>>> print(open('final-v2.pdb').read())   # PDB, C-alpha atoms
ATOM      1  CA  MET S   1     123.651 200.661  33.891  1.00  0.00           C
ATOM      2  CA  LYS S   2     124.561 203.882  32.140  1.00  0.00           C
ATOM      3  CA  ILE S   3     122.237 206.864  32.526  1.00  0.00           C
ATOM      4  CA  ASN S   4     122.371 209.564  29.851  1.00  0.00           C
ATOM      5  CA  LEU S   5     120.762 212.601  31.487  1.00  0.00           C
ATOM      6  CA  SER S   6     120.052 215.823  29.640  1.00  0.00           C
ATOM      7  CA  GLY S   7     117.939 218.898  30.287  1.00  0.00           C
ATOM      8  CA  HIS S   8     115.897 221.075  27.983  1.00  0.00           C
ATOM      9  CA  HIS S   9     115.338 224.528  29.526  1.00  0.00           C
ATOM     10  CA  VAL S  10     116.468 222.967  32.810  1.00  0.00           C
ATOM     11  CA  ASP S  11     119.830 223.026  34.558  1.00  0.00           C
ATOM     12  CA  VAL S  12     120.891 219.493  35.446  1.00  0.00           C
ATOM     13  CA  THR S  13     122.696 219.933  38.764  1.00  0.00           C
ATOM     14  CA  ASP S  14     124.589 217.389  40.824  1.00  0.00           C
ATOM     15  CA  ALA S  15     121.595 217.084  43.163  1.00  0.00           C
ATOM     16  CA  VAL S  16     119.341 216.158  40.235  1.00  0.00           C
ATOM     17  CA  LYS S  17     121.894 213.620  38.996  1.00  0.00           C
ATOM     18  CA  GLN S  18     122.098 212.092  42.465  1.00  0.00           C
ATOM     19  CA  HIS S  19     118.292 211.887  42.719  1.00  0.00           C
ATOM     20  CA  VAL S  20     118.079 210.181  39.319  1.00  0.00           C
ATOM     21  CA  GLN S  21     120.774 207.669  40.320  1.00  0.00           C
ATOM     22  CA  GLU S  22     118.850 206.821  43.507  1.00  0.00           C
ATOM     23  CA  LYS S  23     115.520 206.480  41.684  1.00  0.00           C
ATOM     24  CA  PHE S  24     116.860 204.122  39.035  1.00  0.00           C
ATOM     25  CA  ALA S  25     119.071 201.984  41.273  1.00  0.00           C
ATOM     26  CA  LYS S  26     116.083 199.690  41.916  1.00  0.00           C
ATOM     27  CA  VAL S  27     115.405 199.380  38.184  1.00  0.00           C
ATOM     28  CA  ALA S  28     119.043 198.443  37.581  1.00  0.00           C
ATOM     29  CA  THR S  29     118.875 195.615  40.137  1.00  0.00           C
ATOM     30  CA  HIS S  30     115.557 194.228  38.879  1.00  0.00           C
ATOM     31  CA  PHE S  31     116.581 194.313  35.214  1.00  0.00           C
ATOM     32  CA  PRO S  32     120.327 193.539  35.039  1.00  0.00           C
ATOM     33  CA  SER S  33     120.321 193.155  31.239  1.00  0.00           C
ATOM     34  CA  LEU S  34     119.333 196.816  30.912  1.00  0.00           C
ATOM     35  CA  ILE S  35     122.349 198.606  29.458  1.00  0.00           C
ATOM     36  CA  ALA S  36     121.450 202.302  29.274  1.00  0.00           C
ATOM     37  CA  LEU S  37     118.679 204.810  29.957  1.00  0.00           C
ATOM     38  CA  ASP S  38     118.208 208.015  27.993  1.00  0.00           C
ATOM     39  CA  ILE S  39     116.503 210.597  30.219  1.00  0.00           C
ATOM     40  CA  ILE S  40     115.414 214.055  29.073  1.00  0.00           C
ATOM     41  CA  ILE S  41     114.058 216.520  31.624  1.00  0.00           C
ATOM     42  CA  SER S  42     112.301 219.527  30.148  1.00  0.00           C
ATOM     43  CA  LYS S  43     110.239 222.461  31.358  1.00  0.00           C
ATOM     44  CA  GLU S  44     107.379 224.054  29.437  1.00  0.00           C
ATOM     45  CA  HIS S  45     104.758 226.453  30.804  1.00  0.00           C
ATOM     46  CA  ASN S  46     105.740 225.931  34.461  1.00  0.00           C
ATOM     47  CA  GLN S  47     105.355 222.154  34.053  1.00  0.00           C
ATOM     48  CA  PHE S  48     108.214 219.634  34.173  1.00  0.00           C
ATOM     49  CA  TYR S  49     108.328 216.650  31.827  1.00  0.00           C
ATOM     50  CA  THR S  50     110.572 213.611  32.014  1.00  0.00           C
ATOM     51  CA  GLU S  51     111.017 211.340  29.012  1.00  0.00           C
ATOM     52  CA  ILE S  52     112.807 208.020  29.420  1.00  0.00           C
ATOM     53  CA  SER S  53     113.674 205.625  26.623  1.00  0.00           C
ATOM     54  CA  THR S  54     115.671 202.412  26.542  1.00  0.00           C
ATOM     55  CA  ASN S  55     116.002 199.101  24.745  1.00  0.00           C
ATOM     56  CA  TYR S  56     115.100 196.013  26.741  1.00  0.00           C
ATOM     57  CA  GLU S  57     115.421 192.513  25.317  1.00  0.00           C
ATOM     58  CA  GLY S  58     114.943 193.601  21.716  1.00  0.00           C
ATOM     59  CA  ALA S  59     112.087 196.056  22.250  1.00  0.00           C
ATOM     60  CA  ARG S  60     112.093 199.826  22.633  1.00  0.00           C
ATOM     61  CA  VAL S  61     110.522 200.976  25.901  1.00  0.00           C
ATOM     62  CA  ALA S  62     109.650 204.665  26.277  1.00  0.00           C
ATOM     63  CA  VAL S  63     107.707 206.432  29.036  1.00  0.00           C
ATOM     64  CA  LYS S  64     106.839 209.987  30.005  1.00  0.00           C
ATOM     65  CA  GLY S  65     106.113 211.570  33.349  1.00  0.00           C
ATOM     66  CA  ASP S  66     105.072 215.073  34.280  1.00  0.00           C
ATOM     67  CA  GLY S  67     104.553 217.191  37.348  1.00  0.00           C
ATOM     68  CA  ASP S  68     104.660 220.715  38.684  1.00  0.00           C
ATOM     69  CA  VAL S  69     107.929 219.867  40.492  1.00  0.00           C
ATOM     70  CA  MET S  70     110.928 218.287  38.759  1.00  0.00           C
ATOM     71  CA  TYR S  71     111.374 215.520  41.326  1.00  0.00           C
ATOM     72  CA  LYS S  72     107.702 214.567  41.051  1.00  0.00           C
ATOM     73  CA  ALA S  73     108.055 214.260  37.263  1.00  0.00           C
ATOM     74  CA  ILE S  74     111.120 212.037  37.660  1.00  0.00           C
ATOM     75  CA  SER S  75     109.317 209.803  40.168  1.00  0.00           C
ATOM     76  CA  ALA S  76     106.258 209.473  37.918  1.00  0.00           C
ATOM     77  CA  ALA S  77     108.409 208.462  34.965  1.00  0.00           C
ATOM     78  CA  ALA S  78     110.363 205.991  37.121  1.00  0.00           C
ATOM     79  CA  LYS S  79     107.145 204.255  38.198  1.00  0.00           C
ATOM     80  CA  LYS S  80     105.937 204.051  34.609  1.00  0.00           C
ATOM     81  CA  LEU S  81     109.284 202.682  33.435  1.00  0.00           C
ATOM     82  CA  ASP S  82     109.232 199.990  36.120  1.00  0.00           C
ATOM     83  CA  ALA S  83     105.707 198.968  35.086  1.00  0.00           C
ATOM     84  CA  ALA S  84     106.600 198.935  31.378  1.00  0.00           C
ATOM     85  CA  LEU S  85     109.701 196.821  31.962  1.00  0.00           C
ATOM     86  CA  LYS S  86     107.727 194.360  34.110  1.00  0.00           C
ATOM     87  CA  HIS S  87     105.146 194.114  31.325  1.00  0.00           C
ATOM     88  CA  ARG S  88     107.850 193.389  28.748  1.00  0.00           C
ATOM     89  CA  LYS S  89     109.452 190.810  31.043  1.00  0.00           C
ATOM     90  CA  GLY S  90     106.077 189.106  31.404  1.00  0.00           C
ATOM     91  CA  GLN S  91     105.688 188.980  27.632  1.00  0.00           C
ATOM     92  CA  LEU S  92     109.076 187.321  27.309  1.00  0.00           C
ATOM     93  CA  LYS S  93     108.238 184.733  29.977  1.00  0.00           C
ATOM     94  CA  ALA S  94     104.892 183.985  28.337  1.00  0.00           C
ATOM     95  CA  ASP S  95     106.667 183.221  25.055  1.00  0.00           C
ATOM     96  CA  ARG S  96     108.658 180.472  26.789  1.00  0.00           C
ATOM     97  CA  HIS S  97     105.571 178.522  27.801  1.00  0.00           C
ATOM     98  CA  GLU S  98     104.373 175.843  25.455  1.00  0.00           C
ATOM     99  CA  LYS S  99     101.412 176.952  23.417  1.00  0.00           C
ATOM    100  CA  PRO S 100      98.517 174.494  22.921  1.00  0.00           C
ATOM    101  CA  VAL S 101      98.533 172.787  19.563  1.00  0.00           C
ATOM    102  CA  SER S 102      95.341 173.394  17.627  1.00  0.00           C
ATOM    103  CA  THR S 103      93.796 170.280  16.188  1.00  0.00           C
ATOM    104  CA  THR S 104      92.336 170.541  12.738  1.00  0.00           C
ATOM    105  CA  PRO S 105      88.960 168.918  12.138  1.00  0.00           C
ATOM    106  CA  PRO S 106      89.040 165.900   9.817  1.00  0.00           C
ATOM    107  CA  ILE S 107      88.145 166.692   6.251  1.00  0.00           C
ATOM    108  CA  ALA S 108      84.997 164.980   5.032  1.00  0.00           C
ATOM    109  CA  HIS S 109      86.427 163.480   1.838  1.00  0.00           C
ATOM    110  CA  GLU S 110      89.264 161.843   3.812  1.00  0.00           C
ATOM    111  CA  ILE S 111      86.742 160.188   6.111  1.00  0.00           C
ATOM    112  CA  ILE S 112      84.692 158.911   3.166  1.00  0.00           C
ATOM    113  CA  GLN S 113      87.799 157.433   1.492  1.00  0.00           C
ATOM    114  CA  GLU S 114      88.673 155.578   4.672  1.00  0.00           C
ATOM    115  CA  MET S 115      85.210 154.062   4.905  1.00  0.00           C
ATOM    116  CA  ASN S 116      84.668 150.719   3.229  1.00  0.00           C
ATOM    117  CA  LEU S 117      81.802 151.544   0.867  1.00  0.00           C
ATOM    118  CA  SER S 118      82.415 148.827  -1.778  1.00  0.00           C
ATOM    119  CA  GLN S 119      79.962 146.233  -0.376  1.00  0.00           C
TER     120      GLN S 119
END
>>> encode(input="final-v2.pdb", output="structure tokens")
Amino acid sequence: MKINLSGHHVDVTDAVKQHVQEKFAKVATHFPSLIALDIIISKEHNQFYTEISTNYEGARVAVKGDGDVMYKAISAAAKKLDAALKHRKGQLKADRHEKPVSTTPPIAHEIIQEMNLSQ
């Protein structure tokens, strides 16, 4: 899985890159069809924000996490991404199950035509 990491008003150091790789290693193993993650780490008013977006099985999945420490914001976003991907995976599995066929009630004029009323 490719991780595109960028920072907005934040220096993305090797330590941050390493932390992100460790956090999203679990996501990569649970969702092998995931190709790439776009991660933006930003800082505004002494608060860190992490935005993650990706495409998973035909749907766009985007999450945000925040915290007063950068690593806390990354962890919050990682948890939300894992939950969102599990939700999407559940939707895909539910679509595979056979849906019950709805039966239409018989129409009254069809019933009357079938009845033998010519006696």
>>> residues_around(input="final-v2.pdb", residues="stretch 13-18 of chain S", least_positions_apart="5", cutoff="9 Å", atoms="all atoms listed in the file", output="list in words")
Leu5, Lys23, Met70 and Tyr71 of chain S
>>> resolve_selection(input="final-v2.pdb", expression="the PyMOL selection byres ((chain S and resi 57) around 10)", output="list in words")
Ser33, Leu34, Thr54, Asn55, Tyr56, Gly58, Ala59, Arg60, Val61, Leu85, Arg88, Lys89 and Leu92 of chain S
>>> residues_around(input="final-v2.pdb", residues="stretch 19-22 of chain S", least_positions_apart="6", cutoff="12 Å", atoms="only C-alpha atoms", output="PyMOL selection string")
chain S and resi 1-6+12-13+28-29+37-41+50+52+70-78
>>> resolve_selection(input="final-v2.pdb", expression="the PyMOL selection byres ((chain S and resi 10) around 8)", output="number ranges by chain")
S: 7-9, 11-12, 41-43
>>> atom_distance(input="final-v2.pdb", atom1="atom CA of S:Ala25", atom2="atom CA of S:Asp68")
23.8 Å
>>> atom_distance(input="final-v2.pdb", atom1="atom CA of S:Arg96", atom2="atom CA of S:Lys64")
29.7 Å
>>> atom_distance(input="final-v2.pdb", atom1="atom CA of S:Ala36", atom2="atom CA of S:Ala83")
17.1 Å
>>> closest_residue(input="final-v2.pdb", among="S:Gln47, S:Ser53, S:Gly67, S:Glu114", to="S:Ala84", atoms="all atoms listed in the file")
S:Ser53
>>> residues_around(input="final-v2.pdb", residues="S:Lys86", least_positions_apart="5", cutoff="9 Å", atoms="all atoms listed in the file", output="PyMOL selection string")
chain S and resi 31+81+91
>>> closest_residue(input="final-v2.pdb", among="S:Ile35, S:Lys80, S:Lys26, S:Val69", to="S:Glu51", atoms="only C-alpha atoms")
S:Lys80
>>> closest_residue(input="final-v2.pdb", among="S:Tyr49, S:Val63, S:Glu44, S:Met115", to="S:Asp82", atoms="all atoms listed in the file")
S:Val63
>>> closest_residue(input="final-v2.pdb", among="S:Lys79, S:Asp66, S:His30, S:Gln113", to="S:His45", atoms="all atoms listed in the file")
S:Asp66
>>> decode(input="final-v2.pdb", residues="stretch 38-51 of chain S", atoms="N, CA, C and O atoms", output="tab-separated table (two decimals), in the first residue's frame")
chain	number	residue	atom	x	y	z
S	38	ASP	N	-4.07	8.83	1.07
S	38	ASP	CA	-3.63	10.21	1.01
S	38	ASP	C	-3.81	10.81	2.40
S	38	ASP	O	-4.94	10.93	2.88
S	39	ILE	N	-2.71	11.18	3.04
S	39	ILE	CA	-2.74	11.67	4.42
S	39	ILE	C	-2.21	13.10	4.43
S	39	ILE	O	-1.12	13.37	3.92
S	40	ILE	N	-2.98	14.00	5.04
S	40	ILE	CA	-2.57	15.39	5.20
S	40	ILE	C	-2.58	15.71	6.69
S	40	ILE	O	-3.62	15.57	7.35
S	41	ILE	N	-1.43	16.12	7.20
S	41	ILE	CA	-1.32	16.52	8.60
S	41	ILE	C	-1.18	18.03	8.62
S	41	ILE	O	-0.31	18.59	7.94
S	42	SER	N	-2.05	18.69	9.37
S	42	SER	CA	-2.01	20.15	9.42
S	42	SER	C	-2.08	20.63	10.86
S	42	SER	O	-2.49	19.90	11.76
S	43	LYS	N	-1.68	21.88	11.05
S	43	LYS	CA	-1.71	22.47	12.39
S	43	LYS	C	-2.36	23.85	12.28
S	43	LYS	O	-1.96	24.68	11.47
S	44	GLU	N	-3.38	24.05	13.11
S	44	GLU	CA	-4.08	25.34	13.16
S	44	GLU	C	-4.44	25.63	14.61
S	44	GLU	O	-5.05	24.80	15.28
S	45	HIS	N	-4.04	26.78	15.09
S	45	HIS	CA	-4.37	27.24	16.44
S	45	HIS	C	-3.95	26.23	17.51
S	45	HIS	O	-4.76	25.83	18.36
S	46	ASN	N	-2.72	25.77	17.45
S	46	ASN	CA	-2.15	24.83	18.40
S	46	ASN	C	-2.92	23.50	18.47
S	46	ASN	O	-2.93	22.82	19.48
S	47	GLN	N	-3.58	23.14	17.39
S	47	GLN	CA	-4.32	21.89	17.29
S	47	GLN	C	-3.88	21.18	16.01
S	47	GLN	O	-3.77	21.81	14.96
S	48	PHE	N	-3.62	19.88	16.09
S	48	PHE	CA	-3.20	19.11	14.93
S	48	PHE	C	-4.41	18.39	14.34
S	48	PHE	O	-5.25	17.87	15.06
S	49	TYR	N	-4.46	18.35	13.01
S	49	TYR	CA	-5.54	17.68	12.30
S	49	TYR	C	-4.93	16.71	11.30
S	49	TYR	O	-3.95	17.03	10.63
S	50	THR	N	-5.53	15.56	11.19
S	50	THR	CA	-5.09	14.56	10.22
S	50	THR	C	-6.28	14.19	9.36
S	50	THR	O	-7.33	13.79	9.87
S	51	GLU	N	-6.12	14.35	8.05
S	51	GLU	CA	-7.17	13.99	7.10
S	51	GLU	C	-6.66	12.83	6.25
S	51	GLU	O	-5.58	12.90	5.69
